[in-house]
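Engineer: Input entry_34.pdb, format and content: PDB, C-alpha atoms and all ligand atoms.
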```
ATOM      1  CA  MET A  70      27.043 -34.442  14.960
ATOM      2  CA  LYS A  71      26.262 -34.570  18.683
ATOM      3  CA  THR A  72      22.872 -35.966  19.668
ATOM      4  CA  LEU A  73      20.631 -35.737  22.719
ATOM      5  CA  SER A  74      21.365 -38.087  25.612
ATOM      6  CA  GLU A  75      18.628 -40.568  26.539
ATOM      7  CA  GLU A  76      17.744 -38.383  29.515
ATOM      8  CA  GLN A  77      17.473 -35.265  27.328
ATOM      9  CA  LYS A  78      15.288 -37.126  24.834
ATOM     10  CA  ILE A  79      12.836 -38.084  27.567
ATOM     11  CA  LYS A  80      12.847 -34.572  29.012
ATOM     12  CA  TRP A  81      12.237 -33.026  25.583
ATOM     13  CA  ALA A  82       9.405 -35.410  24.768
ATOM     14  CA  THR A  83       7.595 -35.169  28.078
ATOM     15  CA  ASP A  84       8.318 -31.632  29.288
ATOM     16  CA  GLY A  85       8.807 -29.813  25.967
ATOM     17  CA  TYR A  86      12.121 -28.223  26.941
ATOM     18  CA  ILE A  87      15.660 -29.003  28.031
ATOM     19  CA  GLN A  88      18.293 -26.942  29.792
ATOM     20  CA  LEU A  89      21.913 -27.013  28.593
ATOM     21  CA  GLU A  90      24.468 -25.914  31.155
ATOM     22  CA  GLY A  91      27.379 -23.796  29.938
ATOM     23  CA  ALA A  92      26.253 -23.605  26.301
ATOM     24  CA  LEU A  93      28.178 -20.317  26.066
ATOM     25  CA  ASN A  94      31.512 -19.881  27.844
ATOM     26  CA  PRO A  95      32.122 -16.932  30.222
ATOM     27  CA  ASP A  96      34.007 -14.922  27.568
ATOM     28  CA  GLU A  97      31.108 -15.307  25.160
ATOM     29  CA  VAL A  98      28.615 -14.313  27.837
ATOM     30  CA  GLU A  99      30.615 -11.158  28.508
ATOM     31  CA  PHE A 100      30.983 -10.440  24.796
ATOM     32  CA  PHE A 101      27.277 -10.751  23.996
ATOM     33  CA  SER A 102      26.260  -8.917  27.136
ATOM     34  CA  ASN A 103      28.474  -5.968  26.147
ATOM     35  CA  GLU A 104      27.178  -6.164  22.586
ATOM     36  CA  LEU A 105      23.603  -5.802  23.819
ATOM     37  CA  ASP A 106      24.588  -2.649  25.680
ATOM     38  CA  GLU A 107      25.785  -1.254  22.335
ATOM     39  CA  VAL A 108      22.891  -2.635  20.269
ATOM     40  CA  ARG A 109      20.350  -0.670  22.320
ATOM     41  CA  LYS A 110      22.012   2.582  21.217
ATOM     42  CA  LYS A 111      21.705   1.583  17.537
ATOM     43  CA  PRO A 112      18.730   1.637  15.168
ATOM     44  CA  GLY A 113      16.645  -1.504  14.996
ATOM     45  CA  PHE A 114      13.292  -3.206  15.403
ATOM     46  CA  GLU A 115      11.580  -2.736  18.782
ATOM     47  CA  PRO A 116       8.001  -3.422  19.859
ATOM     48  CA  ARG A 117       5.475  -0.579  19.797
ATOM     49  CA  PRO A 118       2.447  -2.141  21.517
ATOM     50  CA  ASP A 119       0.473   1.108  21.627
ATOM     51  CA  GLU A 120       0.970   1.815  17.922
ATOM     52  CA  LEU A 121       1.231  -1.544  16.209
ATOM     53  CA  GLN A 122      -0.666  -4.774  16.274
ATOM     54  CA  ARG A 123       0.477  -7.295  18.885
ATOM     55  CA  GLY A 124       3.773  -8.941  18.048
ATOM     56  CA  HIS A 125       4.747  -6.412  15.365
ATOM     57  CA  TYR A 126       7.957  -4.401  15.587
ATOM     58  CA  LYS A 127       8.877  -0.904  14.417
ATOM     59  CA  TRP A 128      12.188   0.471  13.152
ATOM     60  CA  LEU A 129      13.476   2.977  15.754
ATOM     61  CA  ASP A 130      16.680   5.001  16.112
ATOM     62  CA  HIS A 131      17.491   3.281  19.408
ATOM     63  CA  ALA A 132      15.816   1.446  22.283
ATOM     64  CA  ASP A 133      13.510   3.564  24.447
ATOM     65  CA  ASP A 134      15.717   3.063  27.487
ATOM     66  CA  LEU A 135      19.453   3.645  26.990
ATOM     67  CA  ASP A 136      20.341   2.348  30.459
ATOM     68  CA  PRO A 137      21.989  -1.110  30.013
ATOM     69  CA  GLU A 138      19.769  -2.364  32.848
ATOM     70  CA  GLY A 139      16.598  -1.035  31.182
ATOM     71  CA  PHE A 140      14.065  -2.967  29.096
ATOM     72  CA  MET A 141      14.988  -3.850  25.526
ATOM     73  CA  ASP A 142      13.382  -6.194  22.993
ATOM     74  CA  ARG A 143      15.421  -6.080  19.783
ATOM     75  CA  ARG A 144      14.795  -8.236  16.686
ATOM     76  CA  ASP A 145      16.923  -9.393  13.765
ATOM     77  CA  LEU A 146      20.279  -9.449  15.550
ATOM     78  CA  LEU A 147      22.254 -10.860  12.623
ATOM     79  CA  THR A 148      22.851  -7.410  11.191
ATOM     80  CA  TYR A 149      24.759  -6.368  14.357
ATOM     81  CA  GLY A 150      27.857  -8.479  13.746
ATOM     82  CA  ASP A 151      29.375 -11.751  12.672
ATOM     83  CA  GLU A 152      29.299 -13.271  16.164
ATOM     84  CA  PHE A 153      25.516 -13.065  16.054
ATOM     85  CA  ILE A 154      25.591 -14.854  12.689
ATOM     86  CA  LYS A 155      27.902 -17.584  13.972
ATOM     87  CA  LEU A 156      25.490 -18.368  16.773
ATOM     88  CA  ILE A 157      22.975 -19.626  14.178
ATOM     89  CA  ASP A 158      24.794 -22.948  13.881
ATOM     90  CA  ARG A 159      27.066 -23.022  16.896
ATOM     91  CA  PRO A 160      27.838 -26.764  16.965
ATOM     92  CA  ASN A 161      27.216 -27.645  20.640
ATOM     93  CA  VAL A 162      23.672 -26.299  20.402
ATOM     94  CA  PHE A 163      22.849 -26.553  16.695
ATOM     95  CA  ASP A 164      23.722 -30.279  16.667
ATOM     96  CA  LEU A 165      20.966 -30.857  19.199
ATOM     97  CA  ILE A 166      18.511 -28.717  17.250
ATOM     98  CA  VAL A 167      19.108 -30.855  14.176
ATOM     99  CA  ASP A 168      18.735 -33.984  16.279
ATOM    100  CA  ILE A 169      15.368 -32.705  17.516
ATOM    101  CA  MET A 170      14.060 -31.136  14.289
ATOM    102  CA  GLY A 171      15.790 -32.987  11.476
ATOM    103  CA  PRO A 172      17.828 -31.332   8.683
ATOM    104  CA  TRP A 173      14.959 -29.771   6.660
ATOM    105  CA  ILE A 174      14.926 -26.566   8.657
ATOM    106  CA  VAL A 175      15.556 -22.842   8.380
ATOM    107  CA  PHE A 176      16.504 -20.190  10.897
ATOM    108  CA  SER A 177      13.443 -18.060  11.480
ATOM    109  CA  MET A 178      14.150 -15.273  13.965
ATOM    110  CA  SER A 179      16.615 -13.766  16.461
ATOM    111  CA  GLN A 180      15.875 -11.562  19.426
ATOM    112  CA  ALA A 181      17.618  -9.959  22.395
ATOM    113  CA  ILE A 182      15.488  -9.324  25.461
ATOM    114  CA  VAL A 183      16.567  -7.444  28.561
ATOM    115  CA  ARG A 184      14.024  -7.824  31.359
ATOM    116  CA  ALA A 185      14.574  -4.850  33.627
ATOM    117  CA  ALA A 186      14.134  -5.174  37.390
ATOM    118  CA  THR A 187      10.807  -3.467  38.072
ATOM    119  CA  GLU A 188       7.804  -3.798  40.352
ATOM    120  CA  THR A 189       5.350  -3.009  37.547
ATOM    121  CA  PHE A 190       5.807  -5.878  35.057
ATOM    122  CA  PRO A 191       3.621  -8.879  36.062
ATOM    123  CA  GLY A 192       5.057 -11.327  33.512
ATOM    124  CA  TYR A 193       2.939 -13.307  31.062
ATOM    125  CA  THR A 194       2.686 -16.680  29.355
ATOM    126  CA  HIS A 195       1.875 -17.752  25.793
ATOM    127  CA  THR A 196       2.780 -20.208  23.065
ATOM    128  CA  ASP A 197       4.846 -19.084  20.108
ATOM    129  CA  GLY A 198       3.571 -19.143  16.543
ATOM    130  CA  GLY A 199       0.805 -16.643  17.187
ATOM    131  CA  GLU A 200      -2.771 -17.802  17.408
ATOM    132  CA  ALA A 201      -2.253 -21.010  15.425
ATOM    133  CA  LEU A 202       0.358 -23.039  17.183
ATOM    134  CA  ARG A 203      -1.363 -23.373  20.511
ATOM    135  CA  ARG A 204      -4.039 -25.272  18.622
ATOM    136  CA  ILE A 205      -1.577 -27.525  16.815
ATOM    137  CA  ARG A 206       0.001 -30.165  18.983
ATOM    138  CA  VAL A 207       2.571 -32.766  18.150
ATOM    139  CA  THR A 208       2.959 -36.118  19.874
ATOM    140  CA  GLU A 209       5.840 -37.254  22.053
ATOM    141  CA  THR A 210       7.461 -38.924  19.061
ATOM    142  CA  SER A 211       6.971 -36.132  16.512
ATOM    143  CA  ARG A 212       9.535 -33.547  15.484
ATOM    144  CA  PRO A 213       8.435 -29.990  16.346
ATOM    145  CA  LEU A 214       7.222 -27.503  13.745
ATOM    146  CA  ALA A 215       9.355 -24.837  15.384
ATOM    147  CA  MET A 216      11.560 -24.339  18.426
ATOM    148  CA  LYS A 217      13.697 -21.745  20.147
ATOM    149  CA  VAL A 218      16.964 -21.553  21.990
ATOM    150  CA  MET A 219      17.159 -19.024  24.785
ATOM    151  CA  TYR A 220      20.705 -18.184  25.920
ATOM    152  CA  LEU A 221      20.985 -16.708  29.403
ATOM    153  CA  LEU A 222      23.489 -13.865  29.617
ATOM    154  CA  SER A 223      22.838 -13.308  33.334
ATOM    155  CA  ASP A 224      22.475 -15.641  36.307
ATOM    156  CA  VAL A 225      18.846 -16.228  37.281
ATOM    157  CA  GLU A 226      18.374 -17.280  40.891
ATOM    158  CA  GLY A 227      15.257 -17.877  42.996
ATOM    159  CA  THR A 228      11.847 -16.916  41.652
ATOM    160  CA  ASP A 229      10.366 -13.725  40.235
ATOM    161  CA  SER A 230      13.792 -12.763  38.947
ATOM    162  CA  GLY A 231      12.817 -12.547  35.285
ATOM    163  CA  ASN A 232      12.825 -16.352  35.135
ATOM    164  CA  PHE A 233      11.944 -18.109  31.930
ATOM    165  CA  THR A 234       8.754 -19.832  33.091
ATOM    166  CA  VAL A 235       7.267 -22.971  31.574
ATOM    167  CA  PHE A 236       4.286 -25.267  31.977
ATOM    168  CA  PRO A 237       6.024 -28.629  31.458
ATOM    169  CA  GLY A 238       4.125 -30.944  29.120
ATOM    170  CA  SER A 239       1.721 -28.208  27.962
ATOM    171  CA  HIS A 240       2.896 -28.699  24.338
ATOM    172  CA  LEU A 241       1.154 -32.085  24.307
ATOM    173  CA  ARG A 242      -2.337 -31.348  25.516
ATOM    174  CA  PRO A 243      -5.169 -28.841  25.114
ATOM    175  CA  PHE A 244      -4.073 -26.190  27.548
ATOM    176  CA  PRO A 245      -5.212 -24.451  29.640
ATOM    177  CA  GLU A 246      -7.988 -26.975  30.004
ATOM    178  CA  ASP A 247     -10.453 -24.482  31.486
ATOM    179  CA  ASN A 248      -9.403 -21.452  29.366
ATOM    180  CA  ALA A 249      -8.211 -19.814  32.561
ATOM    181  CA  GLU A 250      -5.857 -16.869  32.319
ATOM    182  CA  LEU A 251      -2.356 -18.231  32.861
ATOM    183  CA  THR A 252       0.303 -16.297  34.739
ATOM    184  CA  PRO A 253       3.824 -17.183  35.866
ATOM    185  CA  HIS A 254       2.221 -17.968  39.250
ATOM    186  CA  THR A 255      -0.552 -20.290  38.053
ATOM    187  CA  PRO A 256      -0.250 -23.777  39.625
ATOM    188  CA  GLY A 257       1.910 -25.905  37.332
ATOM    189  CA  ALA A 258       4.163 -23.027  36.272
ATOM    190  CA  VAL A 259       7.865 -23.720  36.781
ATOM    191  CA  GLN A 260      10.139 -20.695  37.012
ATOM    192  CA  LEU A 261      13.470 -21.959  35.708
ATOM    193  CA  THR A 262      16.754 -20.823  37.183
ATOM    194  CA  GLY A 263      20.159 -20.956  35.531
ATOM    195  CA  LYS A 264      23.625 -19.546  35.180
ATOM    196  CA  ALA A 265      24.779 -17.071  32.559
ATOM    197  CA  GLY A 266      25.804 -19.220  29.587
ATOM    198  CA  ASP A 267      23.067 -21.821  30.082
ATOM    199  CA  ALA A 268      20.559 -22.317  27.278
ATOM    200  CA  TYR A 269      16.957 -23.513  27.248
ATOM    201  CA  LEU A 270      15.730 -25.360  24.177
ATOM    202  CA  PHE A 271      11.943 -25.318  23.957
ATOM    203  CA  SER A 272       9.114 -26.181  21.636
ATOM    204  CA  HIS A 273       7.012 -23.322  20.238
ATOM    205  CA  ALA A 274       3.910 -25.198  21.365
ATOM    206  CA  LEU A 275       4.991 -25.098  25.014
ATOM    207  CA  TRP A 276       3.245 -22.518  27.200
ATOM    208  CA  HIS A 277       6.021 -20.255  28.443
ATOM    209  CA  GLY A 278       6.935 -16.668  29.246
ATOM    210  CA  PRO A 279       8.810 -14.347  31.546
ATOM    211  CA  SER A 280       8.159 -14.059  35.273
ATOM    212  CA  PRO A 281       8.197 -10.639  36.942
ATOM    213  CA  ASN A 282      11.666  -9.418  37.800
ATOM    214  CA  HIS A 283      11.803  -8.310  41.414
ATOM    215  CA  SER A 284      15.506  -9.043  41.730
ATOM    216  CA  ASN A 285      17.597  -5.931  41.694
ATOM    217  CA  LYS A 286      19.263  -6.691  38.362
ATOM    218  CA  ALA A 287      18.277  -6.965  34.717
ATOM    219  CA  ARG A 288      18.013 -10.366  33.053
ATOM    220  CA  LYS A 289      19.610 -10.489  29.622
ATOM    221  CA  THR A 290      18.883 -13.152  27.007
ATOM    222  CA  LEU A 291      19.339 -14.022  23.362
ATOM    223  CA  LEU A 292      16.716 -16.038  21.496
ATOM    224  CA  TYR A 293      17.357 -17.961  18.280
ATOM    225  CA  ASN A 294      14.476 -19.639  16.450
ATOM    226  CA  TYR A 295      14.303 -22.505  13.986
ATOM    227  CA  CYS A 296      11.405 -23.968  12.040
ATOM    228  CA  GLN A 297      10.672 -26.607   9.446
ATOM    229  CA  MET A 298      11.592 -25.240   6.032
ATOM    230  CA  PHE A 299       8.030 -25.005   4.704
ATOM    231  CA  VAL A 300       7.050 -22.785   7.678
ATOM    232  CA  ARG A 301       9.746 -20.157   6.833
ATOM    233  CA  TRP A 302      11.244 -17.141   8.586
ATOM    234  CA  TYR A 303       9.560 -14.106  10.111
ATOM    235  CA  ASP A 304      12.416 -11.681  10.759
ATOM    236  CA  PHE A 305      13.018 -10.671   7.166
ATOM    237  CA  GLY A 306      10.783 -10.353   4.108
ATOM    238  CA  SER A 307      12.996 -12.458   1.864
ATOM    239  CA  VAL A 308      16.393 -14.081   2.386
ATOM    240  CA  SER A 309      18.315 -12.059   5.022
ATOM    241  CA  GLU A 310      20.651  -9.359   3.746
ATOM    242  CA  VAL A 311      23.556 -10.890   5.704
ATOM    243  CA  VAL A 312      23.876 -14.027   3.525
ATOM    244  CA  ASP A 313      27.018 -12.744   1.843
ATOM    245  CA  ARG A 314      28.828 -12.949   5.184
ATOM    246  CA  CYS A 315      27.748 -16.537   5.872
ATOM    247  CA  THR A 316      29.089 -20.069   5.484
ATOM    248  CA  PRO A 317      27.177 -22.342   3.070
ATOM    249  CA  ARG A 318      25.317 -23.919   5.991
ATOM    250  CA  GLN A 319      24.345 -20.569   7.470
ATOM    251  CA  ARG A 320      23.237 -19.372   4.041
ATOM    252  CA  ARG A 321      21.026 -22.394   3.664
ATOM    253  CA  LEU A 322      19.589 -21.830   7.127
ATOM    254  CA  LEU A 323      18.788 -18.268   6.097
ATOM    255  CA  GLY A 324      16.773 -19.582   3.174
ATOM    256  CA  ASP A 325      19.331 -19.302   0.361
ATOM    257  CA  LEU A 326      18.585 -22.491  -1.540
ATOM    258  CA  GLY A 327      21.333 -21.918  -4.100
ATOM    259  CA  TYR A 328      18.822 -21.039  -6.823
ATOM    260  CA  ASP A 329      16.167 -18.387  -7.362
ATOM    261  CA  PHE A 330      12.772 -18.856  -5.795
ATOM    262  CA  ARG A 331      10.352 -20.892  -7.818
ATOM    263  CA  PRO A 332       6.987 -22.440  -6.879
ATOM    264  CA  GLY A 333       7.828 -25.546  -4.884
ATOM    265  CA  SER A 334      10.865 -23.987  -3.223
ATOM    266  CA  TYR A 335      10.899 -24.603   0.549
ATOM    267  CA  PHE A 336       8.217 -27.272   0.118
ATOM    268  CA  TYR A 337      10.772 -29.844  -0.956
ATOM    269  CA  ALA A 338      14.335 -29.086   0.172
ATOM    270  CA  PRO A 339      17.231 -28.828  -2.284
ATOM    271  CA  THR A 340      18.756 -32.242  -3.015
ATOM    272  CA  ASP A 341      21.954 -31.402  -1.113
ATOM    273  CA  GLN A 342      20.094 -30.292   2.039
ATOM    274  CA  GLU A 343      21.331 -33.119   4.263
ATOM    275  CA  GLU A 344      24.878 -32.742   2.999
ATOM    276  CA  VAL A 345      24.840 -29.002   3.738
ATOM    277  CA  ILE A 346      23.263 -29.271   7.184
ATOM    278  CA  TYR A 347      25.122 -32.350   8.441
ATOM    279  CA  GLY A 348      28.274 -31.381   6.567
ATOM    280  CA  GLY A 349      29.528 -28.942   9.177
ATOM    281  CA  ALA A 350      30.104 -25.302   9.776
ATOM    282  CA  ALA A 351      32.695 -24.788   6.995
TER     283      ALA A 351
HETATM  284  O1  LIG A 401      11.746 -13.268  28.194
HETATM  285  C1  LIG A 401      11.322 -14.376  28.483
HETATM  286  O2  LIG A 401      11.612 -14.953  29.536
HETATM  287  C2  LIG A 401      10.394 -15.115  27.595
HETATM  288  C3  LIG A 401      10.592 -14.868  26.163
HETATM  289  C4  LIG A 401       9.491 -15.501  25.410
HETATM  290  O3  LIG A 401       8.438 -15.666  25.898
HETATM  291  C5  LIG A 401       9.651 -15.934  24.063
HETATM  292  O4  LIG A 401      10.766 -15.975  23.575
HETATM  293  O5  LIG A 401       8.675 -16.296  23.404
END
```
For this file, write the structure as structure tokens.
Structural biologist:
Amino acid sequence: MKTLSEEQKIKWATDGYIQLEGALNPDEVEFFSNELDEVRKKPGFEPRPDELQRGHYKWLDHADDLDPEGFMDRRDLLTYGDEFIKLIDRPNVFDLIVDIMGPWIVFSMSQAIVRAATETFPGYTHTDGGEALRRIRVTETSRPLAMKVMYLLSDVEGTDSGNFTVFPGSHLRPFPEDNAELTPHTPGAVQLTGKAGDAYLFSHALWHGPSPNHSNKARKTLLYNYCQMFVRWYDFGSVSEVVDRCTPRQRRLLGDLGYDFRPGSYFYAPTDQEEVIYGGAA
């Protein structure tokens, strides 16, 4: 399997993220972008911040905004088609995830976010993993507990264009040091740019978030999450219903261990774990 270059290794360890250029080709970008336009018309999980606790999603008949340029935040994409399933272990990206995390991992969550162009959204920053992970820090030489891939489906140029914004190195230290409120404009914030098809790989412990989008176009992204096996998924209550449409490696990544759950499962991996994960997409 492909591994990180020396330069990528240093960037990952010190900054907590790396950018891959052209991770998706232009046809794939167009395909997924069109798919998202369809997904918003379909039932699925969307946030309901006024009704539900922070970070919890509700099953709705369709996204609130049916305009393809409007806001959408849809979870559990795997049910929308096989191409979304295949992205779980797409070799040019998944190889690097395994290099970073090791083979004892599962796929934990998928998400499509469309950041509409608007003057009202100020952006925000956070760590992933809820309240816990910002208090758990790994060292430069440690594998992460969890990480995400964000695929850009639109070009992002300049600043305040819905940029994925990071505080490089914030995964390694108590941050913010003075408990100040962080925004995408706080000193130290870096608003990343990129082309449609680029991907950002980032640690859950990295402070990150969206900038405002004052460009005149929506920013579309896909997010795929991975975690160490004992941490487990948070998009489905048990093994995802799509396992029957998956390759053995995808099944394993979705938590199908090849045997029924028993105490100890996911704590120690099945004995063929390395074979399945390193063995390829077949
Ligand atoms: O939409 C964005 O730019 C950020 C998404 C994000 O913060 C996340 O995936 O945790």
Engineer: From the list A:Gln342, A:Gln180, A:Arg331, A:Tyr86, which residue is nearest A:Met216 when using all atoms listed in the file?
Structural biologist: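 Ranked by minimum distance to A:Met216, first place goes to A:Tyr86.
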Engineer: Would you name the residues within 7 Å of ligand LIG 401 (chain A), counting all atoms listed in the file, and put them as a PDB file with C-alpha atoms, keeping the file's coordinate frame?
Structural biologist:
```
ATOM      1  CA  ILE A 182      15.488  -9.324  25.461  1.00  0.00           C
ATOM      2  CA  ARG A 184      14.024  -7.824  31.359  1.00  0.00           C
ATOM      3  CA  THR A 194       2.686 -16.680  29.355  1.00  0.00           C
ATOM      4  CA  HIS A 195       1.875 -17.752  25.793  1.00  0.00           C
ATOM      5  CA  ASP A 197       4.846 -19.084  20.108  1.00  0.00           C
ATOM      6  CA  GLY A 231      12.817 -12.547  35.285  1.00  0.00           C
ATOM      7  CA  ASN A 232      12.825 -16.352  35.135  1.00  0.00           C
ATOM      8  CA  PHE A 233      11.944 -18.109  31.930  1.00  0.00           C
ATOM      9  CA  THR A 234       8.754 -19.832  33.091  1.00  0.00           C
ATOM     10  CA  HIS A 277       6.021 -20.255  28.443  1.00  0.00           C
ATOM     11  CA  GLY A 278       6.935 -16.668  29.246  1.00  0.00           C
ATOM     12  CA  PRO A 279       8.810 -14.347  31.546  1.00  0.00           C
ATOM     13  CA  SER A 280       8.159 -14.059  35.273  1.00  0.00           C
ATOM     14  CA  LEU A 292      16.716 -16.038  21.496  1.00  0.00           C
TER      15      LEU A 292
END
```
Engineer: Please build the interface table for stretch 176-275 of chain A against stretch 301-309 of chain A with a cut-off of 7 Å, listing for each qualifying residue the nearest atom pair and the distance in Å to one decimal; count only C-alpha atoms, order rows by chain and increasing number, and write it as a tab-separated table.
Structural biologist:
```
residue	atom	partner	partner_atom	distance
A:Phe176	CA	A:Trp302	CA	6.5
A:Ser177	CA	A:Trp302	CA	3.7
A:Met178	CA	A:Asp304	CA	5.1
```
Engineer: Write out as a list in words which residues come within 12 Å of A:Cys315 when counting all atoms listed in the file, dropping same-chain ones fewer than 4 positions away.
Structural biologist: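 Final neighbour list, sorted by chain and number: Leu147, Thr148, Gly150, Asp151, Glu152, Phe153, Ile154, Lys155, Leu156, Ile157, Asp158, Ser309, Glu310, Val311, Gln319, Arg320, Arg321, Leu322, Leu323, Gly324, Asp325, Ala350 and Ala351 of chain A.
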Engineer: On this structure, which residues satisfy the PyMOL selection byres (((chain A and resi 252) around 8) and not hetatm), written as a list in words?
Structural biologist: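 When the PyMOL selection byres (((chain A and resi 252) around 8) and not hetatm) is applied, the selected residues are Gly192, Tyr193, Thr194, Glu250, Leu251, Pro253, His254, Thr255 and Ala258 of chain A.
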Engineer: In Å, rounded to a single decimal, give me how far atom CA of A:Asp136 is from atom CA of A:Asp106.
Structural biologist: 8.1 Å
Engineer: Can you work out which one of A:Pro213, A:Pro317, A:Gly199, A:Gly263 has the shortest atom-to-atom distance to A:His240, counting all atoms listed in the file?
Structural biologist: A:Pro213
Engineer: Tell me, as a tab-separated table (two decimals) with C-alpha atoms, in the coordinates of the input, which residues lie within 12 Å of A:Phe100, counting only C-alpha atoms; anything in the same chain fewer than 4 positions away does not count.
Structural biologist:
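Result file is part-v8.tsv:
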```tsv
chain	number	residue	atom	x	y	z
A	93	LEU	CA	28.18	-20.32	26.07
A	94	ASN	CA	31.51	-19.88	27.84
A	95	PRO	CA	32.12	-16.93	30.22
A	96	ASP	CA	34.01	-14.92	27.57
A	104	GLU	CA	27.18	-6.16	22.59
A	105	LEU	CA	23.60	-5.80	23.82
A	106	ASP	CA	24.59	-2.65	25.68
A	107	GLU	CA	25.78	-1.25	22.34
A	150	GLY	CA	27.86	-8.48	13.75
A	152	GLU	CA	29.30	-13.27	16.16
A	153	PHE	CA	25.52	-13.06	16.05
A	222	LEU	CA	23.49	-13.86	29.62
A	265	ALA	CA	24.78	-17.07	32.56
A	266	GLY	CA	25.80	-19.22	29.59
```
Engineer: Between A:Asp229, A:Glu75, A:Asp133, A:Asp84, which is the closest to A:Leu275 once you count all atoms listed in the file?
Structural biologist: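 Using all atoms listed in the file, the shortest distance to A:Leu275 belongs to A:Asp84.
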Engineer: Find the residues around A:Asn285 up to 10 Å (only C-alpha atoms counted), leave out those fewer than 3 positions away in its own chain, and share them as an MDAnalysis selection string.
Structural biologist: chainID A and resid 138 185:187 230 282 288
